[in-house]
Structure formats: C-alpha cells, structure tokens
file final.cif (mmCIF, C-alpha atoms)
data_input
loop_
_atom_site.group_PDB
_atom_site.id
_atom_site.type_symbol
_atom_site.label_atom_id
_atom_site.label_comp_id
_atom_site.auth_asym_id
_atom_site.auth_seq_id
_atom_site.Cartn_x
_atom_site.Cartn_y
_atom_site.Cartn_z
ATOM 1 C CA MET A 29 18.794 -20.257 -12.359
ATOM 2 C CA THR A 30 15.915 -21.989 -14.096
ATOM 3 C CA LYS A 31 12.506 -20.304 -14.292
ATOM 4 C CA LEU A 32 11.218 -22.614 -11.565
ATOM 5 C CA GLU A 33 14.130 -21.726 -9.287
ATOM 6 C CA VAL A 34 13.562 -18.016 -9.909
ATOM 7 C CA ALA A 35 9.841 -18.394 -9.172
ATOM 8 C CA ILE A 36 10.600 -20.192 -5.914
ATOM 9 C CA LYS A 37 13.133 -17.541 -4.883
ATOM 10 C CA ALA A 38 10.678 -14.740 -5.647
ATOM 11 C CA ALA A 39 7.785 -16.438 -3.829
ATOM 12 C CA VAL A 40 9.807 -17.236 -0.713
ATOM 13 C CA SER A 41 11.381 -13.774 -0.520
ATOM 14 C CA SER A 42 8.006 -12.065 -0.941
ATOM 15 C CA GLY A 43 6.388 -14.461 1.514
ATOM 16 C CA ASN A 44 8.993 -13.749 4.155
ATOM 17 C CA LEU A 45 8.314 -10.033 3.665
ATOM 18 C CA LEU A 46 4.602 -10.701 4.277
ATOM 19 C CA LEU A 47 5.421 -12.635 7.434
ATOM 20 C CA ASN A 48 7.646 -9.822 8.718
ATOM 21 C CA HIS A 49 4.805 -7.308 8.254
ATOM 22 C CA TYR A 50 2.064 -9.588 9.571
ATOM 23 C CA GLY A 51 -0.145 -7.787 12.076
ATOM 24 C CA ALA A 52 1.255 -4.377 11.143
ATOM 25 C CA VAL A 53 -0.683 -3.306 8.044
ATOM 26 C CA LYS A 54 -0.762 0.508 7.871
ATOM 27 C CA GLU A 55 -2.736 1.280 4.719
ATOM 28 C CA VAL A 56 -5.750 -0.452 3.168
ATOM 29 C CA SER A 57 -7.807 0.762 0.226
ATOM 30 C CA GLY A 58 -10.738 -0.681 -1.689
ATOM 31 C CA LYS A 59 -10.936 -1.653 -5.346
ATOM 32 C CA GLU A 60 -13.965 -3.255 -6.994
ATOM 33 C CA SER A 61 -15.826 -4.717 -3.989
ATOM 34 C CA LEU A 62 -15.803 -4.920 -0.197
ATOM 35 C CA ARG A 63 -13.586 -8.004 -0.350
ATOM 36 C CA ASP A 64 -11.362 -6.709 -3.146
ATOM 37 C CA VAL A 65 -8.850 -4.647 -1.193
ATOM 38 C CA VAL A 66 -5.188 -3.798 -1.375
ATOM 39 C CA SER A 67 -2.732 -2.974 1.408
ATOM 40 C CA ASN A 68 0.642 -1.291 1.464
ATOM 41 C CA VAL A 69 2.119 -4.738 2.082
ATOM 42 C CA ASP A 70 0.620 -6.148 -1.142
ATOM 43 C CA LYS A 71 2.581 -3.530 -3.033
ATOM 44 C CA LEU A 72 5.815 -4.105 -1.141
ATOM 45 C CA SER A 73 5.566 -7.846 -1.713
ATOM 46 C CA GLU A 74 4.888 -7.362 -5.424
ATOM 47 C CA ILE A 75 7.881 -5.051 -5.809
ATOM 48 C CA LYS A 76 10.065 -7.700 -4.169
ATOM 49 C CA ALA A 77 8.827 -10.496 -6.450
ATOM 50 C CA ILE A 78 9.161 -8.435 -9.619
ATOM 51 C CA SER A 79 12.673 -7.277 -8.737
ATOM 52 C CA ILE A 80 13.849 -10.869 -8.311
ATOM 53 C CA ILE A 81 12.276 -12.074 -11.559
ATOM 54 C CA GLU A 82 13.568 -9.098 -13.548
ATOM 55 C CA GLY A 83 16.999 -9.639 -12.033
ATOM 56 C CA SER A 84 17.210 -12.934 -13.929
ATOM 57 C CA TYR A 85 14.967 -12.082 -16.881
ATOM 58 C CA PRO A 86 15.240 -8.312 -17.442
ATOM 59 C CA ASP A 87 13.227 -8.271 -20.673
ATOM 60 C CA CYS A 88 10.395 -10.506 -19.503
ATOM 61 C CA VAL A 89 6.673 -9.738 -19.673
ATOM 62 C CA ILE A 90 5.001 -9.570 -16.251
ATOM 63 C CA LEU A 91 1.313 -9.529 -15.409
ATOM 64 C CA SER A 92 0.754 -8.670 -11.745
ATOM 65 C CA GLU A 93 -2.308 -7.826 -9.703
ATOM 66 C CA GLU A 94 -1.311 -4.299 -8.692
ATOM 67 C CA SER A 95 0.905 -3.217 -11.597
ATOM 68 C CA GLY A 96 -0.900 -4.808 -14.526
ATOM 69 C CA LEU A 97 0.914 -5.882 -17.679
ATOM 70 C CA ASN A 98 4.295 -4.252 -18.220
ATOM 71 C CA ALA A 99 4.477 -4.915 -21.985
ATOM 72 C CA PRO A 100 2.319 -6.166 -24.856
ATOM 73 C CA ASP A 101 1.251 -9.761 -24.247
ATOM 74 C CA SER A 102 3.722 -11.899 -26.176
ATOM 75 C CA GLY A 103 2.064 -15.193 -25.299
ATOM 76 C CA GLU A 104 4.699 -15.886 -22.631
ATOM 77 C CA LYS A 105 4.576 -14.079 -19.321
ATOM 78 C CA TRP A 106 5.079 -14.228 -15.582
ATOM 79 C CA VAL A 107 1.828 -13.928 -13.641
ATOM 80 C CA ILE A 108 2.093 -12.715 -10.037
ATOM 81 C CA ASP A 109 -0.195 -12.336 -7.066
ATOM 82 C CA ALA A 110 2.105 -11.196 -4.302
ATOM 83 C CA LEU A 111 -0.622 -11.588 -1.653
ATOM 84 C CA ASP A 112 -3.533 -13.904 -2.347
ATOM 85 C CA GLY A 113 -5.854 -13.632 0.629
ATOM 86 C CA THR A 114 -5.427 -9.953 1.472
ATOM 87 C CA VAL A 115 -8.637 -9.813 3.539
ATOM 88 C CA ASN A 116 -7.429 -12.771 5.606
ATOM 89 C CA TYR A 117 -4.040 -11.110 6.006
ATOM 90 C CA ILE A 118 -5.287 -7.722 7.198
ATOM 91 C CA HIS A 119 -7.551 -9.438 9.753
ATOM 92 C CA ASN A 120 -4.642 -11.551 11.036
ATOM 93 C CA PHE A 121 -6.131 -14.800 9.764
ATOM 94 C CA PRO A 122 -3.079 -16.864 8.739
ATOM 95 C CA PHE A 123 -4.377 -18.306 5.464
ATOM 96 C CA TYR A 124 -2.697 -16.386 2.656
ATOM 97 C CA CYS A 125 0.117 -16.880 0.176
ATOM 98 C CA VAL A 126 2.249 -15.641 -2.682
ATOM 99 C CA SER A 127 1.320 -17.120 -6.077
ATOM 100 C CA ILE A 128 3.695 -16.971 -9.052
ATOM 101 C CA SER A 129 3.287 -18.746 -12.379
ATOM 102 C CA TYR A 130 4.796 -18.701 -15.829
ATOM 103 C CA TRP A 131 2.387 -18.969 -18.750
ATOM 104 C CA ILE A 132 2.853 -19.912 -22.370
ATOM 105 C CA ASP A 133 -0.141 -18.728 -24.365
ATOM 106 C CA ASP A 134 -3.160 -19.317 -22.117
ATOM 107 C CA LYS A 135 -1.763 -22.076 -19.902
ATOM 108 C CA PRO A 136 0.568 -22.098 -16.884
ATOM 109 C CA VAL A 137 3.674 -24.277 -17.240
ATOM 110 C CA ILE A 138 5.396 -23.347 -13.956
ATOM 111 C CA GLY A 139 3.662 -22.618 -10.675
ATOM 112 C CA VAL A 140 4.756 -21.753 -7.143
ATOM 113 C CA VAL A 141 2.549 -21.042 -4.128
ATOM 114 C CA TYR A 142 4.072 -20.181 -0.756
ATOM 115 C CA ASN A 143 2.277 -19.734 2.557
ATOM 116 C CA PRO A 144 4.963 -18.311 4.858
ATOM 117 C CA HIS A 145 2.821 -18.645 7.970
ATOM 118 C CA SER A 146 2.649 -22.431 7.652
ATOM 119 C CA ASN A 147 5.944 -22.734 5.762
ATOM 120 C CA GLU A 148 4.188 -24.583 2.938
ATOM 121 C CA LEU A 149 5.995 -24.265 -0.394
ATOM 122 C CA TYR A 150 4.039 -25.825 -3.261
ATOM 123 C CA TYR A 151 5.518 -25.935 -6.739
ATOM 124 C CA ALA A 152 5.099 -27.681 -10.076
ATOM 125 C CA GLU A 153 6.438 -27.758 -13.593
ATOM 126 C CA LYS A 154 4.428 -29.034 -16.549
ATOM 127 C CA GLY A 155 5.170 -32.717 -17.089
ATOM 128 C CA VAL A 156 7.473 -32.979 -14.062
ATOM 129 C CA GLY A 157 5.072 -33.255 -11.122
ATOM 130 C CA ALA A 158 3.917 -31.277 -8.105
ATOM 131 C CA PHE A 159 5.656 -30.998 -4.747
ATOM 132 C CA LEU A 160 5.178 -29.681 -1.216
ATOM 133 C CA ASN A 161 8.473 -28.867 0.489
ATOM 134 C CA GLN A 162 10.300 -31.335 -1.829
ATOM 135 C CA VAL A 163 7.767 -34.157 -1.243
ATOM 136 C CA ARG A 164 5.929 -35.291 -4.382
ATOM 137 C CA LEU A 165 2.174 -34.809 -4.240
ATOM 138 C CA SER A 166 -0.544 -37.157 -5.426
ATOM 139 C CA VAL A 167 -4.251 -36.525 -5.037
ATOM 140 C CA LYS A 168 -6.369 -39.058 -3.179
ATOM 141 C CA ASN A 169 -9.288 -40.391 -5.196
ATOM 142 C CA CYS A 170 -11.825 -39.445 -2.557
ATOM 143 C CA LYS A 171 -15.531 -39.588 -3.390
ATOM 144 C CA LEU A 172 -17.477 -36.345 -3.208
ATOM 145 C CA GLU A 173 -19.618 -37.478 -0.274
ATOM 146 C CA ASN A 174 -16.526 -38.388 1.735
ATOM 147 C CA GLY A 175 -14.523 -35.266 1.045
ATOM 148 C CA LEU A 176 -14.162 -31.620 1.978
ATOM 149 C CA THR A 177 -14.600 -29.091 -0.832
ATOM 150 C CA ALA A 178 -13.981 -25.392 -1.495
ATOM 151 C CA MET A 179 -15.257 -22.696 -3.826
ATOM 152 C CA ALA A 180 -13.833 -19.312 -4.754
ATOM 153 C CA PHE A 181 -16.411 -16.720 -5.803
ATOM 154 C CA SER A 182 -15.791 -13.755 -8.031
ATOM 155 C CA GLY A 183 -14.768 -10.762 -5.921
ATOM 156 C CA LYS A 184 -17.500 -8.721 -7.552
ATOM 157 C CA ALA A 185 -19.880 -10.732 -9.711
ATOM 158 C CA TYR A 186 -18.518 -10.693 -13.252
ATOM 159 C CA ASN A 187 -22.135 -10.907 -14.332
ATOM 160 C CA PRO A 188 -24.666 -9.745 -11.680
ATOM 161 C CA LYS A 189 -26.932 -12.670 -12.576
ATOM 162 C CA MET A 190 -24.047 -15.023 -11.817
ATOM 163 C CA ARG A 191 -24.135 -14.340 -8.088
ATOM 164 C CA THR A 192 -27.386 -16.230 -7.479
ATOM 165 C CA THR A 193 -26.032 -19.135 -9.515
ATOM 166 C CA GLU A 194 -22.801 -19.116 -7.490
ATOM 167 C CA PHE A 195 -24.708 -19.313 -4.209
ATOM 168 C CA LYS A 196 -26.844 -22.189 -5.517
ATOM 169 C CA ILE A 197 -23.765 -24.116 -6.622
ATOM 170 C CA PHE A 198 -22.038 -23.450 -3.297
ATOM 171 C CA GLY A 199 -25.058 -24.708 -1.343
ATOM 172 C CA ARG A 200 -25.499 -27.797 -3.481
ATOM 173 C CA VAL A 201 -21.833 -28.775 -3.258
ATOM 174 C CA ASN A 202 -21.998 -28.208 0.499
ATOM 175 C CA ASP A 203 -24.952 -30.604 0.771
ATOM 176 C CA LEU A 204 -23.357 -33.252 -1.443
ATOM 177 C CA SER A 205 -20.026 -33.307 0.404
ATOM 178 C CA GLN A 206 -18.788 -33.087 3.976
ATOM 179 C CA GLY A 207 -18.746 -29.315 3.592
ATOM 180 C CA CYS A 208 -17.904 -26.585 1.100
ATOM 181 C CA LEU A 209 -15.640 -23.806 2.362
ATOM 182 C CA ARG A 210 -14.910 -20.275 1.180
ATOM 183 C CA THR A 211 -11.400 -19.881 2.546
ATOM 184 C CA GLY A 212 -10.408 -16.519 1.066
ATOM 185 C CA SER A 213 -7.473 -17.883 -0.945
ATOM 186 C CA ALA A 214 -8.174 -19.554 -4.283
ATOM 187 C CA ALA A 215 -4.496 -20.432 -4.694
ATOM 188 C CA MET A 216 -4.379 -22.317 -1.401
ATOM 189 C CA ASN A 217 -7.635 -24.118 -2.227
ATOM 190 C CA LEU A 218 -6.024 -25.651 -5.290
ATOM 191 C CA CYS A 219 -2.881 -26.598 -3.388
ATOM 192 C CA TYR A 220 -4.958 -28.280 -0.709
ATOM 193 C CA LEU A 221 -6.648 -30.282 -3.452
ATOM 194 C CA ALA A 222 -3.194 -31.311 -4.662
ATOM 195 C CA ASP A 223 -2.156 -32.648 -1.263
ATOM 196 C CA GLY A 224 -5.431 -34.429 -0.502
ATOM 197 C CA ARG A 225 -7.141 -32.081 1.951
ATOM 198 C CA PHE A 226 -9.871 -31.133 -0.521
ATOM 199 C CA SER A 227 -11.517 -33.473 -2.996
ATOM 200 C CA LEU A 228 -13.084 -30.780 -5.197
ATOM 201 C CA VAL A 229 -12.349 -27.094 -5.833
ATOM 202 C CA LEU A 230 -14.500 -24.715 -7.870
ATOM 203 C CA GLY A 231 -13.944 -21.144 -8.998
ATOM 204 C CA LYS A 232 -16.091 -18.637 -10.855
ATOM 205 C CA ALA A 233 -14.529 -15.603 -12.564
ATOM 206 C CA ASN A 234 -11.298 -15.704 -10.566
ATOM 207 C CA LYS A 235 -8.304 -13.617 -11.623
ATOM 208 C CA ALA A 236 -5.572 -15.485 -13.495
ATOM 209 C CA TRP A 237 -2.914 -14.350 -10.997
ATOM 210 C CA ASP A 238 -4.900 -15.915 -8.133
ATOM 211 C CA VAL A 239 -5.171 -19.379 -9.652
ATOM 212 C CA GLY A 240 -2.553 -19.883 -12.375
ATOM 213 C CA ALA A 241 0.015 -21.571 -10.159
ATOM 214 C CA GLY A 242 -2.565 -23.558 -8.207
ATOM 215 C CA LEU A 243 -4.247 -24.949 -11.311
ATOM 216 C CA LEU A 244 -0.933 -26.367 -12.531
ATOM 217 C CA ILE A 245 0.006 -27.728 -9.088
ATOM 218 C CA ALA A 246 -3.352 -29.516 -8.802
ATOM 219 C CA GLU A 247 -3.095 -30.938 -12.321
ATOM 220 C CA GLU A 248 0.477 -32.146 -11.858
ATOM 221 C CA ALA A 249 -0.577 -33.844 -8.608
ATOM 222 C CA GLY A 250 -3.108 -35.874 -10.568
ATOM 223 C CA ALA A 251 -6.295 -33.851 -10.218
ATOM 224 C CA ILE A 252 -8.663 -33.542 -13.160
ATOM 225 C CA VAL A 253 -8.597 -29.845 -14.001
ATOM 226 C CA ASP A 254 -10.871 -28.042 -16.443
ATOM 227 C CA PHE A 255 -10.500 -24.293 -16.728
ATOM 228 C CA LYS A 256 -11.559 -21.661 -19.175
ATOM 229 C CA VAL A 257 -10.376 -18.099 -19.703
ATOM 230 C CA ILE A 258 -13.809 -16.435 -19.764
ATOM 231 C CA ASP A 259 -12.563 -12.871 -20.277
ATOM 232 C CA LYS A 260 -9.034 -12.403 -21.642
ATOM 233 C CA ASP A 261 -9.101 -8.617 -21.247
ATOM 234 C CA LYS A 262 -9.966 -8.860 -17.537
ATOM 235 C CA TYR A 263 -7.857 -12.005 -16.980
ATOM 236 C CA LEU A 264 -10.842 -13.944 -15.594
ATOM 237 C CA VAL A 265 -10.780 -17.723 -15.269
ATOM 238 C CA SER A 266 -13.447 -20.237 -14.210
ATOM 239 C CA TYR A 267 -12.542 -23.807 -13.307
ATOM 240 C CA VAL A 268 -13.544 -27.094 -11.737
ATOM 241 C CA ALA A 269 -10.811 -29.302 -10.323
ATOM 242 C CA GLY A 270 -11.054 -32.486 -8.328
ATOM 243 C CA THR A 271 -10.435 -36.165 -7.962
ATOM 244 C CA TYR A 272 -11.878 -38.415 -10.656
ATOM 245 C CA ALA A 273 -14.688 -39.540 -8.360
ATOM 246 C CA SER A 274 -15.659 -36.107 -7.051
ATOM 247 C CA LYS A 275 -15.500 -34.371 -10.423
ATOM 248 C CA GLU A 276 -17.681 -36.986 -12.101
ATOM 249 C CA ALA A 277 -20.218 -36.758 -9.281
ATOM 250 C CA ILE A 278 -20.493 -32.965 -9.368
ATOM 251 C CA GLU A 279 -20.755 -32.809 -13.140
ATOM 252 C CA ALA A 280 -23.539 -35.406 -13.065
ATOM 253 C CA GLU A 281 -25.309 -33.215 -10.489
ATOM 254 C CA LEU A 282 -24.703 -29.743 -11.919
ATOM 255 C CA GLY A 283 -24.107 -30.371 -15.596
ATOM 256 C CA THR A 284 -21.619 -28.010 -17.238
ATOM 257 C CA PHE A 285 -19.922 -25.668 -14.777
ATOM 258 C CA PHE A 286 -18.988 -23.047 -17.348
#
call {"tool": "encode", "arguments": {"input": "final.cif", "output": "structure tokens"}}
result
Amino acid sequence: MTKLEVAIKAAVSSGNLLLNHYGAVKEVSGKESLRDVVSNVDKLSEIKAISIIEGSYPDCVILSEESGLNAPDSGEKWVIDALDGTVNYIHNFPFYCVSISYWIDDKPVIGVVYNPHSNELYYAEKGVGAFLNQVRLSVKNCKLENGLTAMAFSGKAYNPKMRTTEFKIFGRVNDLSQGCLRTGSAAMNLCYLADGRFSLVLGKANKAWDVGAGLLIAEEAGAIVDFKVIDKDKYLVSYVAGTYASKEAIEAELGTFF
C-alpha cells in the first residue's frame, strides 16, 4: 500500500474504535490545562493507528500525541493525533476525529482526517488535491464578512501574555465575520475550510499532530495557508488559512498574525 492508503486505513480503523467506545469513557486524566486531557480511549486509538502504520513501515519514525517521538527525528515522520477533540468526545459532543499526516522536514505531504461520527473522510497528498469521501474539494472564495470562521487557541497559553492577544483576535474576527467559533477540533476546522463551510481558520500555538493533516488538506483544496513552526521542541504551530478574500481582509485588519 502507498503511504496515503496506509494513513487512510489507520485513520478509519482508529476512528471506528472511537465510535465503538463513544459514550463509554472509563478513565480521564489531565495534562497541561483543564482542556488538555487524555482518556483511555485516546491511548487505545493511538495504539491501533501505530500498529497499522508500523505493519507497513516497521522502521518508520512516529510522532504521536501520547507516545511522543519513537526515534531521533530524521526529517521524515508520521505525525498522529488519534483523538483530536478529546473534551468533545468525553462529553458526548460528536465533533472529533483522527488526524494522521506524513511530514518531510517541517511540512506535511500526506494528510488524513476522519470523523467517524459523521463518516467524513478527508484526505490529501501534496500536489494531487484534497478530497472528502472521494469527492474533490475546492474552497469557495467567500468574503470575510459573508463567511463563518473558526479559531483554535493554545491549550495552555504558550506565552501567558499571548492569551489576551488571542481573545482580542477572536473577538475582532467574530465582529468582522458572521461569527467566529471555537469548535474544540483544530483538525476539523481546517477540513471545514477545505469544503467551504468556513472562510477563515486561525490557530495559535497548536500542536503539530492536531493540524498537520488539516493544513495540507486546506492548502490542496485551494486555501491560502501560512503556518510557522514556532517551537520545534514542543511541536507548536501557528497558522492563518482562508480564502483569498478572507485572508487579505483579516491581514489588512490585524497585520501579521505571527
């Protein structure tokens, strides 16, 4: 199987595991903040995804949310979030997904996001295009004032002074558009940009495993995507992604996002 096929198999298998355990989470523990939590199901889903990838690529490098990096960073690696939207999941709010990407150096070249609850399988390969359930995606060039937007905050402010700035940006984008949402899943935000539901998506100090696949899917669907690895050791990424019209409008309003 190709890397894309393996990523799809791993995402779907892990997603189906999440769906089977939905509403029956037994263990939840905290990490860095109130919203940064992990459940027993996160770990089960991650084990499933890793086992499938290693079954095809036994010597590969894997960076995953719960297990970390399994070998020195070679510049090429699989990046896995086996449950993006854990807080949503444990509260039985059906907006969550599995996110799997393959990176070369500091950029994703393959990305798969699967929401098993809605049976939405998003995937992309660099230079090939982005798809939802085998239908090619293309962003709609919606103006900021006519569109819905979303923002993903850092789970715990990477820089404490950043939090006030994040709230100001969130409020301003909300006022300039038909609404700015905090959905609880950065990966799904980017996919919803790719299929035209959002016109602009912002993220401050998000983890690479949350957004790697979504950033590629949005870009391959025609969105303008700027992202920056702001802390390589902590795998933190900030980004602004949107239609041409919405991205130009928000940059004129806010200046540089980074």
call {"tool": "closest_residue", "arguments": {"input": "final.cif", "among": "A:Tyr124, A:Trp131, A:Tyr150, A:Phe198", "to": "Gly103 (chain A)", "atoms": "all atoms listed in the file"}}
result
A:Trp131
call {"tool": "closest_residue", "arguments": {"input": "final.cif", "among": "A:Ala233, A:Ala77, A:Leu165, A:Ala269", "to": "Ile108 (chain A)", "atoms": "all atoms listed in the file"}}
result
A:Ala77
call {"tool": "resolve_selection", "arguments": {"input": "final.cif", "expression": "the PyMOL selection byres ((chain A and resi 236-241) around 10)", "output": "count of residues only"}}
result
55
call {"tool": "closest_atom_pairs", "arguments": {"input": "final.cif", "of": "region 195-266 of chain A", "to": "region 275-284 of chain A", "cutoff": "10 Å", "atoms": "all atoms listed in the file", "output": "tab-separated table"}}
result
residue	atom	partner	partner_atom	distance
A:Ile197	CA	A:Leu282	CA	7.8
A:Arg200	CA	A:Leu282	CA	8.7
A:Val201	CA	A:Ile278	CA	7.5
A:Leu204	CA	A:Ile278	CA	8.4
A:Ser205	CA	A:Ile278	CA	9.8
A:Ser227	CA	A:Lys275	CA	8.5
A:Leu228	CA	A:Lys275	CA	6.8
A:Val229	CA	A:Lys275	CA	9.2
A:Ala251	CA	A:Lys275	CA	9.2
A:Ile252	CA	A:Lys275	CA	7.4
A:Val253	CA	A:Lys275	CA	9.0
A:Asp254	CA	A:Lys275	CA	9.9
call {"tool": "residues_around", "arguments": {"input": "final.cif", "residues": "Ile80 (chain A)", "least_positions_apart": "5", "cutoff": "10 Å", "atoms": "all atoms listed in the file", "output": "list in words"}}
result
Val34, Ala35, Lys37, Ala38, Ala39, Ser41, Ser42, Ile75, Tyr85 and Pro86 of chain A
call {"tool": "atom_distance", "arguments": {"input": "final.cif", "atom1": "CA of Tyr50 (chain A)", "atom2": "CA of Asn120 (chain A)"}}
result
7.1 Å
call {"tool": "resolve_selection", "arguments": {"input": "final.cif", "expression": "the PyMOL selection byres ((chain A and resi 144) around 7)", "output": "PyMOL selection string"}}
result
chain A and resi 43-44+47+125+142-143+145-148
call {"tool": "closest_residue", "arguments": {"input": "final.cif", "among": "A:Lys171, A:Lys76, A:Arg164, A:Lys105", "to": "Ala273 (chain A)", "atoms": "all atoms listed in the file"}}
result
A:Lys171
call {"tool": "closest_residue", "arguments": {"input": "final.cif", "among": "A:Ile78, A:Leu176, A:Leu32, A:Cys170", "to": "Asn202 (chain A)", "atoms": "all atoms listed in the file"}}
result
A:Leu176
call {"tool": "residues_around", "arguments": {"input": "final.cif", "residues": "Arg210 (chain A)", "least_positions_apart": "6", "cutoff": "8 Å", "atoms": "only C-alpha atoms", "output": "NGL selection string"}}
result
:A and (178-181)
call {"tool": "closest_residue", "arguments": {"input": "final.cif", "among": "A:Val40, A:Met29, A:Met190, A:Val115", "to": "Gly212 (chain A)", "atoms": "only C-alpha atoms"}}
result
A:Val115
